[in-house]
Amino acid sequence: MYRGREGQWAFLLHRLSGLAILAYLMLHVFSIGSFVFGERFYMAIHETYDLWPFRIGLIFVTAGVVYHAFNGLRIIVMDFTGAGVAYQRQMWYAVLLISAAAFVYAALTLWPRLVGGY
Amino acid sequence: MHHRYDVLVVGAGGAGLMAALYAAKGNVSVACISKLYPTRSHTGAAQGGIGAALGNVAEDHWEWHMFDTVKGGDYLTDQDAAEVFAKDIIEAVYELEHMGLPFSRTPEGKIAQRKFGGHTRDFGKAAVERSCYAKDRTGHMILQTLYQQNVKEGTTFFNEFHVTDLIIEDGRCRGLVAYELATGELHTFHAKAVILAAGGYGRIFKITSNALTLTGDLMSIYYRKGLPLEDMEFYQFHPTGLAKLGILVTEGIRGEGGILRNKDGERFMERYAPTIKDLAPRDIVSRSMITEIREGRGVGRDGDAIYIDLTHLPKEVIEGKLAEITDLARTYLGQDPVKDLVMVQPTAHYAMGGIPTDLNGLCLSDGSGGSVEGLYAAGEQACVSLHGANRLGTNSLGDLVVFGRRAGIAAAAYARQVELPIMPDNPERDSVDMFDRLKNSKGTDNAAAIRKALQESMMNNVGIFRNGPDMEKQVDIVQELKARYANVGVSDPGRRYNSELVEAMELGFMLDCAEAMTTSALNRTESRGAHDRADYHDRDDANWLKHTMAYRDLDKPGNVIIGYKPVSLKGFTRAFEPKPRVY
Amino acid sequence: MIRARTFTDARQQSHSNAELNWWVFMRISGLILVFLVLGHVYMTFIQVSEADATFDAVVGKLANPAWKFYDWLILTLSLLHGANGARYSIEDYVRSRPTRAWVKGLFYTVVALLFAFGTIGLFSI
Amino acid sequence: MTQTVSPSTTPGPVTTQPGLTMLKLKVKIKRFDPDVDKKAHWVTYDVEAQPGDRVVDVINEIKWYQEPGLTFRRSCLHGICGSDAMLINGRNRLACKTLVRDVAKDGGTITVEPIRGLKVEKDLLVDMEPFFDSYRAIMPYFINESPAPAAERIQSEAEADLMAHSSNCILCACCTTSCPIFWVNGSYLGPASIVQAHRFIFDSRDEATQQRLNIMNQNTGVWRCRTAYNCTEACPRDIPITQLIEEVKRAVMYQQA
Ligand SMILES: Cc1cc2nc3c(=O)[nH]c(=O)nc-3n(C[C@H](O)[C@H](O)[C@H](O)COP(=O)(O)OP(=O)(O)OC[C@H]3O[C@@H](n4cnc5c(N)ncnc54)[C@H](O)[C@@H]3O)c2cc1C
Ligand code: HEM
Ligand code: SF4
Ligand code: F3S
Ligand code: FES
């Protein structure tokens with residue numbers, strides 16, 4: 001693995017999170033949209049979401065969305081201001097902090113449902 | 001493989017690229033052959049600047065520049081060359097600017113100029129701002145700009161091709177042979193005219209500011225043909241290079257108040273030059289440094305360096321005015337001039353001598369007007385004798401552009417007039433022999449060990465301070481090393497990128513340059529410019545105001561025949577009488 | 001041996017502003033999406049769970065035209081934004097031309113179908 | 001020459017001689033000769049080196065006295081020619097600008113690999129042609145077809161300063177071959193070419209800005225950059241590459257708007 005620094009990992013995470021949310025979004029559109037096929041079909045799909053990999057995945061997707069959103073803002077700041085480039089490292093740590101907070105918050109909120117089921 | 005071009009240029013440093021550019025403008029087909037990618041050439045290492053009497057900062061005239069050059073060369077400089085140079089360089093610098101070279105600027109937006117050693121106004125009255133610079137990266141900018149212009153012109157480059165032989169028959173150059181590093185194949189290049197610009201050979205010395213690849217290849221090839229090398233005894237040493245590395249440390253470091261110290265921490269210059277101490281002239285400082293080292297007061301692992309102490313200077317001076325050196329010292333020695341002592345050593349820097357040429361770069365075959373038809377040379381490897389016995393700072397970059405350009409124009413003009421000469425049968429024969437000898441050698445001697453022995457002995461015996469006995473000893477050492485060289489083995493049998501083979505070949509070239517240099521130096525029984533002999537301490541104009549021409553004796557291996565060439569003591573419009581050289 | 005590329009060679013390179021426009025679009029859509037998506041995530045997922053997204057709840061919420069528009073904007077922007085982002089990745093990682101054409105074609109079709117599906121769904125309520 | 005030794009001379013600070021410590025090191029080099037090997041393999045060499053030695057010195061030592069067949073490029077040995085970009089301990093660097101003490105301790109290991117994204121020709125030596133092809137693709141030469149004045153073209157100090165960073169590039173390829181996009185997508189022109197383009201785009205005397213911006217505006221141009229900063233970290237000339245790339249992006253954007 002190339003020993004890149006903050007920027008490399010920021011990019012990698014941004015790409016992974018972007019692709020992950022895209023995958024989730026596509027599923028989401030399909031599942032929510034599936035009500036057009038009637039209630040039974042809709043609920044059948046939603047039962048699969050009950051499986052634990054999906055529930056844990058959900059926490060990560062939440063954190064991913066937050067990371068992607070805030071890192072996206074970091075990128076925009078870098079693209080349009082010189083200072084953004086100068087402070088990209090600090091901004092990335094801020095993004096990580098916010099994402100971690102979102103992760104913890106999402107995990108805490110979802111925990112009861114995770115262990116208890118619905 | 002066989003190639004045909006009107007003009008071939010060997011080397012892609014400042015001189016080669018300039019020649020290629022101007023040859024291409026002369027409406028002939030041009031190819032440039034270089035053992036390095038063009039932008040890797042050592043011209044890129046030059047920092048200080050390029051001298052031209054533009055007068056952007058202070059009044060200046062080409063006559064003043066010409067005078068300084070002649071005097072700097074200790075009157076061994078050919079004055080016609082100096083005059084052509086001092087005039088042409090002005091236009092050449094403007095041309096570089098028109099090619100986009102990013103010079104530093106004056107507040108009015110003109111090319112910025114600064115002072116440099118030996119450059120004066122009014123024939124030696126006071127220092128003048130003559131060096132045109134681009135920060136402290138002038139050479140880098142020249143190299144990049146010239147390469148860029150060649151890309152624009154669509155010059156054909158053969159990169160990582162090592163020229164191994166010139167085809168010269170009946171006094172006419174017909175082309176050359178080159179070894180392609182990637183495939184191990186030999187290529188024959190057939191041409192109407194060939195321009196040599198392959199740079200210096202500083203690597204024959206242990207401590208040098210020169211690149212590993214500066215091994216004097218083309219000088220040696222020329223010399224192997226029984227053709228002369230001019231003024232090989234004149235080799236410039238700079239007193240302060242970073243220890244072991246030889247990377248240049250500007251004189252300004254002492255100008256700002258730096259102090260040289262030996263291993264006991266003693267300011268030894270107080271002993272050698274009680275009044276001006278560390279600011280004594282270069283030769284005195286260097287001699288004192290070497291004396292300290294020889295008497296066991298050197299520093300470093302091998303006790304062969306001296307400390308330069310800046311710790312008493314304000315941090316702003318060190319990090320401001322001496323920023324470049326500070327960075328180099330920090331990077332390479334891990335010694336921060338702000339709080340540490342920095343280790344320095346005299347470093348081999350620049351070859352004044354080389355392949356003799358006339359003012360258009362045409363290669364000379366003797367000291368009396370003979371020449372090799374169709375063969376031109378320029379740059380550090382050539383000797384128009386602009387630099388005489390000692391080169392002034394900033395005059396080498398000028399040499400590259402002025403005489404590189406002249407050689408390019410002359411070669412193209414010549415090529416337009418003539419037919420492609422006839423190529424002899426089997427032109428690759430000598431090169432094949434050379435490689436076969438190296439590859440099939442059952443010998444066990446190690447090329448690196450021989451090279452190291454050469455570099456150390458040259459440094460000790462034909463270095464800054466010379467005397468008869470040492471040089472006589474060195475003549476023998478070089479012959480011994482040549483005998484050992486015949487016994488060198490190459491372990492890598494491969495054809496692809498065989499750098500071991502190439503290094504072994506380069507060692508052969510270096511040994512030839514060393515041979516010519518040592519014999520020429522031993523022969524010149526005077527001290528002049530960079531040639532400083534303990535046994536003949538004075539300049540001797542009566543006997544020695546002449547150029548040395550060293551020829552290999554083709555009948556008697558190991559023997560060098562010395563001839564001479566008169567110094568041209570008159571320019572076209574100006575002439576300066578030899579006088580004692582005092583500043 | 002290299003033959004240097006010349007001025008004319010370089011000038012002949014074709015050019016369009018497509019990449020620039022997509023680049024700008026990624027930034028603008030991103031800015032808008034921050035509000036839309038974070039709002040959406042917060043409202044529909046942190047406050048109520050996926051399991052709460054029952055048939056009735058979804059249908060009920062989407063009956064409101066404002067929510068309809070809000071969700072459709074998310075759908076459009078994020079699909080476009082995501083699809084273009086995925087295109088970057090495809091162009092980076094899928095190096096063989098034919099395969100790349102295939103992958104892209106398939107991917108765009110799926111995205112288009114999903115977009116149609118989502119839109120029809122939204123407005124059929 | 002006076003030979004009186006004056007005892008009054010004040011001794012300066014006495015420093016330890018760093019030259020005397022020798023480190024025992026292992027140097028792990030990724031070797032590959034396509035004529036002989038099916039795939040690259042690691043070979044470890046034992047060497048002794050001083051902390052202040054350059055990595056290139058160590059590799060030369062191995063070549064000269066242990067493994068003459070070892071192949072790599074080098075020339076100037078002080079970071080100006082750009083020959084010896086290598087992947088040293090996981091990062092792109094010039095072997096001649098990297099000191100042993102910065103990458104290894106006594107008994108430690110230095111790993112050396114060829115730079116990525118370019119075809120390995122032998123050991124640490126890669127095919128540089130694609131790199132120079134992208135360089136040539138950006139029209140890396142000054143263009144001003146209007147008649148030149150007798151003397152220099154006038155340019156203010158501030159205008160000249162705009163080129164201060166980009167004109168410092170030595171084409172070593174440390175940046176381009178550290179870029180995660182370039183590793184997977186060789187058609188990306190890469191940071192080095194963009195730095196070169198920047199050199200001319202921001203030259204007040206140059207007249208071909210529009211053409212260069214057009215080249216930068218392509219799919220293979222500046223938009224491929226995902227601001228990963230590996231290039232900036234790797235540049236041995238301390239060029240703020242990402243910043244320059246962002247300036248070019250903005251220049252393209254504002255020029256087309
Ligand atoms: C550290 C340093 C600082 C300097 N500073 C200054 C300064 O401030 N001002 C100044 O005026 N001068 C300066 N000089 C001197 C000046 O830079 C050099 O003398 C000059 O650059 C030499 O240029 P060149 O074109 O002759 O050779 P180089 O630039 O050395 O190029 C040699 C070319 O020949 C090729 N070549 C060599 N052998 C072969 C072969 N067998 N086959 C094919 N190709 C071959 C190489 O690939 C290379 O392209 C400095 C020198 C050094 C070392
Ligand atoms: C929430 C607010 C969002 C912001 C601020 C945002 C911002 C950005 C930005 C600025 C980029 C360009 C990155 C670059 O050029 O280097 C980008 C890329 C991308 N985005 Fe978003 N985005 C957001 C939401 C989304 C969503 C919802 C998705 C999924 C559907 C998504 C998927 C992607 C993908 C796949 C990429 C490409 C990543 C890459 O190639 O490196 N983004 N995003
Ligand atoms: S920008 Fe820096 S890293 Fe890239 S090629 Fe130029 S000098 Fe090397
Ligand atoms: S590493 Fe590559 S992605 Fe951009 S910032 Fe540098 S070019
Ligand atoms: S050898 Fe020249 S840059 Fe390292």
# chains A, B, ... in the order shown; residues from 1 in each chain; ligands from 1
$ residues_around --residues "segment 82-99 of chain C" --least-positions-apart "4" --cutoff "6 Å" --atoms "only C-alpha atoms" --output "NGL selection string"
(:A and (22)) or (:C and (78)) or (:D and (184-185))
$ write_last_selection --atoms "N, CA, C and O atoms" --output "PDB file, in the first residue's frame"
ATOM      1  N   LEU A  22     -24.481   5.411  -3.309  1.00  0.00           N
ATOM      2  CA  LEU A  22     -25.166   5.230  -4.589  1.00  0.00           C
ATOM      3  C   LEU A  22     -25.853   3.865  -4.612  1.00  0.00           C
ATOM      4  O   LEU A  22     -27.031   3.746  -4.985  1.00  0.00           O
TER       5      LEU A  22
ATOM      6  N   SER C  78     -29.532  13.240  -6.795  1.00  0.00           N
ATOM      7  CA  SER C  78     -28.587  12.248  -6.296  1.00  0.00           C
ATOM      8  C   SER C  78     -28.341  11.161  -7.336  1.00  0.00           C
ATOM      9  O   SER C  78     -27.231  10.648  -7.430  1.00  0.00           O
TER      10      SER C  78
ATOM     11  N   VAL D 184      -4.254   3.749 -11.952  1.00  0.00           N
ATOM     12  CA  VAL D 184      -5.281   2.924 -12.581  1.00  0.00           C
ATOM     13  C   VAL D 184      -5.653   3.443 -13.958  1.00  0.00           C
ATOM     14  O   VAL D 184      -6.280   2.742 -14.736  1.00  0.00           O
ATOM     15  N   ASN D 185      -5.285   4.681 -14.253  1.00  0.00           N
ATOM     16  CA  ASN D 185      -5.708   5.272 -15.511  1.00  0.00           C
ATOM     17  C   ASN D 185      -4.558   6.037 -16.160  1.00  0.00           C
ATOM     18  O   ASN D 185      -4.379   7.229 -15.939  1.00  0.00           O
TER      19      ASN D 185
END
$ interface_residues --of "chain D" --to "chain A" --cutoff "7 Å" --atoms "only C-alpha atoms" --output "ChimeraX atom specification"
/D:90-91,226-230,243,246
$ interface_residues --of "chain B" --to "chain D" --cutoff "6 Å" --atoms "only C-alpha atoms" --output "MDAnalysis selection string"
chainID B and resid 40 94 100 105 109:110 148:149 211:213 265:266 271:272 300:301 333 448 492 500
$ residues_around --residues "Ala251 of chain D" --least-positions-apart "3" --cutoff "12 Å" --atoms "only C-alpha atoms" --output "PyMOL selection string"
(chain A and resi 79-80) or (chain C and resi 20) or (chain D and resi 197-198+201-202+209-210+212-214+216-217+222+244-248+254-257)
$ write_last_selection --atoms "N, CA and C atoms" --output "PDB file, in the first residue's frame"
ATOM      1  N   ASP A  79     -11.571  23.581  -3.978  1.00  0.00           N
ATOM      2  CA  ASP A  79     -11.641  23.923  -5.402  1.00  0.00           C
ATOM      3  C   ASP A  79     -11.762  25.421  -5.629  1.00  0.00           C
ATOM      4  N   PHE A  80     -12.382  26.100  -4.703  1.00  0.00           N
ATOM      5  CA  PHE A  80     -12.661  27.507  -4.981  1.00  0.00           C
ATOM      6  C   PHE A  80     -11.840  28.501  -4.174  1.00  0.00           C
TER       7      PHE A  80
ATOM      8  N   LEU C  20     -16.007  19.822 -17.912  1.00  0.00           N
ATOM      9  CA  LEU C  20     -16.118  21.005 -17.069  1.00  0.00           C
ATOM     10  C   LEU C  20     -17.527  21.118 -16.501  1.00  0.00           C
TER      11      LEU C  20
ATOM     12  N   ALA D 197       1.875  22.715 -17.809  1.00  0.00           N
ATOM     13  CA  ALA D 197       0.887  23.563 -18.477  1.00  0.00           C
ATOM     14  C   ALA D 197       0.712  24.867 -17.697  1.00  0.00           C
ATOM     15  N   HIS D 198       0.675  24.744 -16.381  1.00  0.00           N
ATOM     16  CA  HIS D 198       0.544  25.908 -15.510  1.00  0.00           C
ATOM     17  C   HIS D 198       1.669  26.905 -15.786  1.00  0.00           C
ATOM     18  N   ILE D 201       0.544  28.622 -18.994  1.00  0.00           N
ATOM     19  CA  ILE D 201      -0.740  29.308 -18.884  1.00  0.00           C
ATOM     20  C   ILE D 201      -0.573  30.604 -18.086  1.00  0.00           C
ATOM     21  N   PHE D 202       0.286  30.554 -17.068  1.00  0.00           N
ATOM     22  CA  PHE D 202       0.448  31.719 -16.216  1.00  0.00           C
ATOM     23  C   PHE D 202       1.690  32.545 -16.585  1.00  0.00           C
ATOM     24  N   THR D 209      -2.417  30.429 -24.393  1.00  0.00           N
ATOM     25  CA  THR D 209      -3.153  30.030 -23.193  1.00  0.00           C
ATOM     26  C   THR D 209      -4.416  29.247 -23.538  1.00  0.00           C
ATOM     27  N   GLN D 210      -5.165  29.771 -24.519  1.00  0.00           N
ATOM     28  CA  GLN D 210      -6.449  29.160 -24.844  1.00  0.00           C
ATOM     29  C   GLN D 210      -6.293  27.700 -25.287  1.00  0.00           C
ATOM     30  N   ARG D 212      -3.911  25.638 -24.526  1.00  0.00           N
ATOM     31  CA  ARG D 212      -3.517  24.779 -23.404  1.00  0.00           C
ATOM     32  C   ARG D 212      -4.695  24.538 -22.479  1.00  0.00           C
ATOM     33  N   LEU D 213      -5.520  25.589 -22.294  1.00  0.00           N
ATOM     34  CA  LEU D 213      -6.698  25.385 -21.434  1.00  0.00           C
ATOM     35  C   LEU D 213      -7.615  24.353 -22.074  1.00  0.00           C
ATOM     36  N   ASN D 214      -7.705  24.374 -23.399  1.00  0.00           N
ATOM     37  CA  ASN D 214      -8.530  23.371 -24.069  1.00  0.00           C
ATOM     38  C   ASN D 214      -8.022  21.966 -23.808  1.00  0.00           C
ATOM     39  N   MET D 216      -6.307  21.031 -21.244  1.00  0.00           N
ATOM     40  CA  MET D 216      -6.573  20.749 -19.831  1.00  0.00           C
ATOM     41  C   MET D 216      -8.039  20.409 -19.593  1.00  0.00           C
ATOM     42  N   ASN D 217      -8.890  20.921 -20.452  1.00  0.00           N
ATOM     43  CA  ASN D 217     -10.339  20.780 -20.281  1.00  0.00           C
ATOM     44  C   ASN D 217     -10.844  19.409 -20.741  1.00  0.00           C
ATOM     45  N   VAL D 222      -7.322  18.038 -16.583  1.00  0.00           N
ATOM     46  CA  VAL D 222      -7.271  18.466 -15.191  1.00  0.00           C
ATOM     47  C   VAL D 222      -8.452  17.926 -14.369  1.00  0.00           C
ATOM     48  N   LEU D 244      -1.500  24.245  -7.623  1.00  0.00           N
ATOM     49  CA  LEU D 244      -1.372  24.673  -9.017  1.00  0.00           C
ATOM     50  C   LEU D 244      -2.462  24.027  -9.874  1.00  0.00           C
ATOM     51  N   ILE D 245      -2.750  22.755  -9.619  1.00  0.00           N
ATOM     52  CA  ILE D 245      -3.790  22.074 -10.390  1.00  0.00           C
ATOM     53  C   ILE D 245      -5.132  22.782 -10.172  1.00  0.00           C
ATOM     54  N   GLU D 246      -5.405  23.149  -8.928  1.00  0.00           N
ATOM     55  CA  GLU D 246      -6.665  23.825  -8.637  1.00  0.00           C
ATOM     56  C   GLU D 246      -6.707  25.188  -9.349  1.00  0.00           C
ATOM     57  N   GLU D 247      -5.556  25.844  -9.438  1.00  0.00           N
ATOM     58  CA  GLU D 247      -5.529  27.128 -10.155  1.00  0.00           C
ATOM     59  C   GLU D 247      -5.846  26.920 -11.632  1.00  0.00           C
ATOM     60  N   VAL D 248      -5.327  25.829 -12.184  1.00  0.00           N
ATOM     61  CA  VAL D 248      -5.618  25.557 -13.595  1.00  0.00           C
ATOM     62  C   VAL D 248      -7.106  25.232 -13.771  1.00  0.00           C
ATOM     63  N   TYR D 254     -13.187  29.679 -15.497  1.00  0.00           N
ATOM     64  CA  TYR D 254     -13.518  31.084 -15.732  1.00  0.00           C
ATOM     65  C   TYR D 254     -13.348  31.458 -17.202  1.00  0.00           C
ATOM     66  N   GLN D 255     -12.405  30.815 -17.883  1.00  0.00           N
ATOM     67  CA  GLN D 255     -12.205  31.139 -19.296  1.00  0.00           C
ATOM     68  C   GLN D 255     -13.369  30.650 -20.145  1.00  0.00           C
ATOM     69  N   GLN D 256     -13.957  29.518 -19.765  1.00  0.00           N
ATOM     70  CA  GLN D 256     -15.039  28.978 -20.572  1.00  0.00           C
ATOM     71  C   GLN D 256     -16.357  29.651 -20.241  1.00  0.00           C
ATOM     72  N   ALA D 257     -16.418  30.255 -19.061  1.00  0.00           N
ATOM     73  CA  ALA D 257     -17.701  30.810 -18.621  1.00  0.00           C
ATOM     74  C   ALA D 257     -18.051  32.054 -19.431  1.00  0.00           C
TER      75      ALA D 257
END
$ residues_around --residues "His81 of chain C" --least-positions-apart "6" --cutoff "9 Å" --atoms "only C-alpha atoms" --output "PyMOL selection string"
chain C and resi 22+25-26+29-30
$ interface_residues --of "chain A" --to "chain C" --cutoff "7 Å" --atoms "only C-alpha atoms" --output "CSV table (one decimal) with all heavy atoms, in the first residue's frame"
chain,number,residue,atom,x,y,z
A,19,LEU,N,-19.8,5.6,-3.7
A,19,LEU,CA,-20.3,4.4,-4.4
A,19,LEU,C,-21.2,3.7,-3.5
A,19,LEU,O,-22.3,3.1,-3.9
A,19,LEU,CB,-19.1,3.6,-4.8
A,19,LEU,CG,-18.3,4.2,-6.0
A,19,LEU,CD1,-17.1,3.3,-6.3
A,19,LEU,CD2,-19.1,4.4,-7.2
A,22,LEU,N,-24.5,5.4,-3.3
A,22,LEU,CA,-25.2,5.2,-4.6
A,22,LEU,C,-25.9,3.9,-4.6
A,22,LEU,O,-27.0,3.7,-5.0
A,22,LEU,CB,-24.2,5.3,-5.8
A,22,LEU,CG,-24.8,5.1,-7.1
A,22,LEU,CD1,-25.8,6.2,-7.5
A,22,LEU,CD2,-23.7,5.1,-8.2
A,29,VAL,N,-34.5,3.5,-3.6
A,29,VAL,CA,-35.5,3.9,-4.6
A,29,VAL,C,-36.3,2.7,-5.0
A,29,VAL,O,-37.6,2.8,-5.0
A,29,VAL,CB,-34.8,4.5,-5.8
A,29,VAL,CG1,-35.8,4.8,-6.9
A,29,VAL,CG2,-34.1,5.8,-5.5
A,30,PHE,N,-35.7,1.6,-5.2
A,30,PHE,CA,-36.4,0.4,-5.6
A,30,PHE,C,-37.4,0.0,-4.5
A,30,PHE,O,-38.6,-0.3,-4.8
A,30,PHE,CB,-35.4,-0.7,-6.0
A,30,PHE,CG,-36.1,-1.9,-6.4
A,30,PHE,CD1,-36.8,-2.0,-7.6
A,30,PHE,CD2,-36.1,-3.1,-5.6
A,30,PHE,CE1,-37.5,-3.1,-8.0
A,30,PHE,CE2,-36.8,-4.2,-6.0
A,30,PHE,CZ,-37.4,-4.3,-7.2
A,33,GLY,N,-40.0,2.7,-3.8
A,33,GLY,CA,-40.9,2.8,-5.0
A,33,GLY,C,-41.8,1.6,-5.2
A,33,GLY,O,-42.8,1.6,-5.9
A,35,PHE,N,-43.9,0.3,-3.6
A,35,PHE,CA,-45.3,0.3,-3.1
A,35,PHE,C,-46.2,0.4,-4.3
A,35,PHE,O,-47.4,0.0,-4.2
A,35,PHE,CB,-45.5,1.5,-2.2
A,35,PHE,CG,-45.5,2.8,-2.8
A,35,PHE,CD1,-46.6,3.3,-3.5
A,35,PHE,CD2,-44.3,3.6,-2.7
A,35,PHE,CE1,-46.5,4.6,-4.1
A,35,PHE,CE2,-44.3,4.8,-3.3
A,35,PHE,CZ,-45.3,5.4,-4.0
A,36,VAL,N,-45.7,0.8,-5.5
A,36,VAL,CA,-46.6,0.7,-6.6
A,36,VAL,C,-47.1,-0.7,-7.0
A,36,VAL,O,-48.1,-0.9,-7.6
A,36,VAL,CB,-46.0,1.4,-7.9
A,36,VAL,CG1,-45.7,2.8,-7.8
A,36,VAL,CG2,-44.7,0.6,-8.3
A,39,GLU,N,-49.0,-3.4,-1.4
A,39,GLU,CA,-48.5,-3.5,0.0
A,39,GLU,C,-47.7,-4.7,0.3
A,39,GLU,O,-46.7,-4.7,0.9
A,39,GLU,CB,-49.6,-3.4,1.0
A,39,GLU,CG,-49.1,-3.3,2.4
A,39,GLU,CD,-50.1,-2.9,3.4
A,39,GLU,OE1,-51.3,-2.7,3.0
A,39,GLU,OE2,-49.8,-2.8,4.6
A,69,ALA,N,-20.9,13.9,2.6
A,69,ALA,CA,-21.4,15.3,2.5
A,69,ALA,C,-20.4,16.3,3.0
A,69,ALA,O,-20.1,17.3,2.3
A,69,ALA,CB,-22.7,15.4,3.3
A,72,GLY,N,-17.4,16.4,0.9
A,72,GLY,CA,-17.7,17.1,-0.4
A,72,GLY,C,-17.6,18.6,-0.2
A,72,GLY,O,-17.1,19.3,-1.1
A,76,ILE,N,-15.2,21.2,-2.2
A,76,ILE,CA,-15.7,22.4,-2.8
A,76,ILE,C,-14.9,23.6,-2.3
A,76,ILE,O,-14.4,24.5,-3.1
A,76,ILE,CB,-17.2,22.6,-2.5
A,76,ILE,CG1,-17.9,21.5,-3.3
A,76,ILE,CG2,-17.7,24.0,-3.0
A,76,ILE,CD1,-19.4,21.4,-2.9
A,109,THR,N,-28.8,5.6,18.4
A,109,THR,CA,-30.2,5.6,18.1
A,109,THR,C,-30.7,4.3,17.6
A,109,THR,O,-31.8,3.8,17.9
A,109,THR,CB,-30.5,6.7,16.9
A,109,THR,OG1,-29.5,7.6,17.0
A,109,THR,CG2,-31.9,7.3,17.1
A,118,TYR,N,-37.6,-5.3,15.6
A,118,TYR,CA,-38.7,-4.3,15.5
A,118,TYR,C,-39.9,-4.7,16.3
A,118,TYR,O,-40.3,-5.8,16.3
A,118,TYR,CB,-39.1,-4.1,14.0
A,118,TYR,CG,-37.9,-3.5,13.3
A,118,TYR,CD1,-37.1,-4.2,12.4
A,118,TYR,CD2,-37.5,-2.2,13.6
A,118,TYR,CE1,-36.1,-3.7,11.8
A,118,TYR,CE2,-36.4,-1.6,12.9
A,118,TYR,CZ,-35.7,-2.4,12.0
A,118,TYR,OH,-34.6,-1.9,11.4
$ select_by_dssp --residues "segment 152-241 of chain D" --states "helix (DSSP H, G or I)" --output "NGL selection string"
:D and (157-161 or 166-168 or 176-178 or 180-184 or 191-201 or 209-216 or 222-224 or 230-234 or 241)
$ residues_near_ligand --ligand "ligand 4" --cutoff "7 Å" --atoms "only C-alpha atoms and all ligand atoms" --output "list in words"
Cys175, Thr176, Ser178, Cys179, Pro180, Ile181, Phe182, Gly190, Pro191, Arg224, Cys225, Arg226, Thr227, Ala228, Tyr229, Asn230, Cys231, Thr232, Ile241 and Thr242 of chain D
$ select_by_dssp --residues "segment 46-179 of chain D" --states "strand (DSSP E)" --output "list in words"
Asp46, Val47, Glu48, Ala49, Ala85, Met86, Leu87, Ile88, Arg91, Asn92, Arg93, Leu94, Thr109, Ile110, Thr111, Val112, Glu113, Val120, Glu121, Lys122, Leu125 and Val126 of chain D
